[in-house]
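Asks: A single structure is presented below for examination.
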Amino acid sequence: MPLVNVKVIEGVFSDAQKAEMVEKLTDAMVAIEGENLRSLTLVIVEEVKSGDWGIGGKPVTAADVKALIAGERSG
């Protein structure tokens, strides 16, 4: 029974995008493990508070991620 745990920064992805993550990650696991385990494949999307996530010693916020998505670069 596989468990896929995805952590994202709160406020970046819409409910529809998170639902799409669940669907596509489930499909990816089923492609590996077989259709019979679809109903036992668990995907959890956890949201981490903006600023509680750090990369390279610096906090990352939802605004930082949205800027990356938009193709903007900081500093």
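Here, A, B, ... name the chains of the structure tokens in the order displayed, residue numbers run from 1 inside each chain, and ligands are numbered from 1 in the same displayed order.
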Taking the DSSP assignment computed from this structure's backbone, write out as a VMD selection string all residues of segment 39-72 of chain A that belong to helix (DSSP H, G or I).
Replies: chain A and resid 39 to 40 62 to 69
Asks: Please produce an output containing N, CA and C atoms for each residue in the selection, written as a PDB file, in the first residue's frame.
Replies:
ATOM      1  N   SER A  39      -6.893   1.566  -5.523  1.00  0.00           N
ATOM      2  CA  SER A  39      -7.731   1.906  -4.370  1.00  0.00           C
ATOM      3  C   SER A  39      -6.948   1.929  -3.057  1.00  0.00           C
ATOM      4  N   LEU A  40      -5.731   1.413  -3.066  1.00  0.00           N
ATOM      5  CA  LEU A  40      -4.896   1.405  -1.861  1.00  0.00           C
ATOM      6  C   LEU A  40      -3.764   2.425  -1.923  1.00  0.00           C
ATOM      7  N   ALA A  62       5.473  31.966  -0.116  1.00  0.00           N
ATOM      8  CA  ALA A  62       4.570  31.739  -1.248  1.00  0.00           C
ATOM      9  C   ALA A  62       4.844  32.755  -2.349  1.00  0.00           C
ATOM     10  N   ALA A  63       5.126  33.991  -1.964  1.00  0.00           N
ATOM     11  CA  ALA A  63       5.421  35.031  -2.958  1.00  0.00           C
ATOM     12  C   ALA A  63       6.674  34.686  -3.758  1.00  0.00           C
ATOM     13  N   ASP A  64       7.689  34.119  -3.090  1.00  0.00           N
ATOM     14  CA  ASP A  64       8.905  33.706  -3.790  1.00  0.00           C
ATOM     15  C   ASP A  64       8.597  32.643  -4.848  1.00  0.00           C
ATOM     16  N   VAL A  65       7.783  31.659  -4.466  1.00  0.00           N
ATOM     17  CA  VAL A  65       7.454  30.572  -5.395  1.00  0.00           C
ATOM     18  C   VAL A  65       6.609  31.095  -6.551  1.00  0.00           C
ATOM     19  N   LYS A  66       5.658  31.961  -6.260  1.00  0.00           N
ATOM     20  CA  LYS A  66       4.814  32.546  -7.320  1.00  0.00           C
ATOM     21  C   LYS A  66       5.666  33.347  -8.292  1.00  0.00           C
ATOM     22  N   ALA A  67       6.688  34.041  -7.797  1.00  0.00           N
ATOM     23  CA  ALA A  67       7.591  34.787  -8.674  1.00  0.00           C
ATOM     24  C   ALA A  67       8.369  33.830  -9.571  1.00  0.00           C
ATOM     25  N   LEU A  68       8.814  32.695  -9.019  1.00  0.00           N
ATOM     26  CA  LEU A  68       9.512  31.686  -9.835  1.00  0.00           C
ATOM     27  C   LEU A  68       8.593  31.139 -10.916  1.00  0.00           C
ATOM     28  N   ILE A  69       7.350  30.849 -10.535  1.00  0.00           N
ATOM     29  CA  ILE A  69       6.380  30.326 -11.504  1.00  0.00           C
ATOM     30  C   ILE A  69       6.161  31.317 -12.632  1.00  0.00           C
TER      31      ILE A  69
END
Asks: Pick out the residues sitting within 12 Å of Asp52 of chain A, and hand them over as a list in words; count only C-alpha atoms, and ignore anything fewer than 6 positions along from it in its own chain.
Replies: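 So the residues in contact are Lys7, Val8, Ile9, Glu10, Lys58, Pro59, Val60, Thr61 and Ala62 of chain A.
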Asks: Would you save the residues of that selection, restricted to N, CA, C and O atoms, as a PDB file, in the first residue's frame?
Replies:
ATOM      1  N   LYS A   7       4.820  17.842  -0.099  1.00  0.00           N
ATOM      2  CA  LYS A   7       4.777  19.046   0.722  1.00  0.00           C
ATOM      3  C   LYS A   7       4.935  20.253  -0.190  1.00  0.00           C
ATOM      4  O   LYS A   7       5.839  20.300  -1.013  1.00  0.00           O
ATOM      5  N   VAL A   8       4.018  21.204  -0.028  1.00  0.00           N
ATOM      6  CA  VAL A   8       4.033  22.429  -0.818  1.00  0.00           C
ATOM      7  C   VAL A   8       3.864  23.614   0.123  1.00  0.00           C
ATOM      8  O   VAL A   8       3.373  23.467   1.239  1.00  0.00           O
ATOM      9  N   ILE A   9       4.289  24.776  -0.333  1.00  0.00           N
ATOM     10  CA  ILE A   9       4.125  25.969   0.478  1.00  0.00           C
ATOM     11  C   ILE A   9       2.676  26.433   0.383  1.00  0.00           C
ATOM     12  O   ILE A   9       2.113  26.547  -0.710  1.00  0.00           O
ATOM     13  N   GLU A  10       2.100  26.697   1.542  1.00  0.00           N
ATOM     14  CA  GLU A  10       0.708  27.138   1.640  1.00  0.00           C
ATOM     15  C   GLU A  10       0.475  28.385   0.788  1.00  0.00           C
ATOM     16  O   GLU A  10       1.289  29.304   0.767  1.00  0.00           O
ATOM     17  N   LYS A  58      17.895  30.257   3.728  1.00  0.00           N
ATOM     18  CA  LYS A  58      16.972  31.388   3.685  1.00  0.00           C
ATOM     19  C   LYS A  58      15.538  30.893   3.582  1.00  0.00           C
ATOM     20  O   LYS A  58      15.253  29.942   2.850  1.00  0.00           O
ATOM     21  N   PRO A  59      14.609  31.551   4.304  1.00  0.00           N
ATOM     22  CA  PRO A  59      13.206  31.143   4.212  1.00  0.00           C
ATOM     23  C   PRO A  59      12.639  31.416   2.820  1.00  0.00           C
ATOM     24  O   PRO A  59      13.051  32.369   2.157  1.00  0.00           O
ATOM     25  N   VAL A  60      11.735  30.551   2.412  1.00  0.00           N
ATOM     26  CA  VAL A  60      11.060  30.696   1.125  1.00  0.00           C
ATOM     27  C   VAL A  60       9.580  30.939   1.411  1.00  0.00           C
ATOM     28  O   VAL A  60       8.975  30.246   2.215  1.00  0.00           O
ATOM     29  N   THR A  61       9.009  31.918   0.729  1.00  0.00           N
ATOM     30  CA  THR A  61       7.608  32.263   0.941  1.00  0.00           C
ATOM     31  C   THR A  61       6.785  31.903  -0.286  1.00  0.00           C
ATOM     32  O   THR A  61       7.326  31.630  -1.360  1.00  0.00           O
ATOM     33  N   ALA A  62       5.473  31.966  -0.116  1.00  0.00           N
ATOM     34  CA  ALA A  62       4.570  31.739  -1.248  1.00  0.00           C
ATOM     35  C   ALA A  62       4.844  32.755  -2.349  1.00  0.00           C
ATOM     36  O   ALA A  62       4.827  32.415  -3.537  1.00  0.00           O
TER      37      ALA A  62
END
Asks: Set the distance at 10 Å and use only C-alpha atoms: which residues neighbour segment 21-33 of chain A once local chain neighbours fewer than 6 positions away are removed? I'd like the list as an MDAnalysis selection string.
Replies: chainID A and resid 1:6 13 15 39:45
Asks: To one decimal place, how far is atom CA of Ala70 of chain A from atom CA of Ser50 of chain A in Å?
Replies: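 Atom CA of Ser50 of chain A lies at a distance of 17.6 Å from atom CA of Ala70 of chain A.
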Asks: As a list in words, which residues of chain A does DSSP assign to strand (DSSP E)?
Replies: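 After running DSSP on the backbone, chain A has strand (DSSP E) at Leu3, Val4, Asn5, Val6, Lys7, Val8, Ile9, Leu42, Val43, Ile44, Val45, Glu46, Glu47, Val48, Trp53, Gly54, Ile55, Lys58, Pro59 and Val60 of chain A.
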Asks: What separation in Å, quoted to one decimal, exists between atom CA of Leu37 of chain A and atom CA of Ser14 of chain A?
Replies: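 Result for atom CA of Leu37 of chain A versus atom CA of Ser14 of chain A: 27.3 Å, one decimal.
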Asks: Could you jot down the atom CA of Glu47 of chain A to atom CA of Glu35 of chain A separation for me, Å, one decimal place?
Replies: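 We find that atom CA of Glu47 of chain A and atom CA of Glu35 of chain A lie 28.3 Å from each other.
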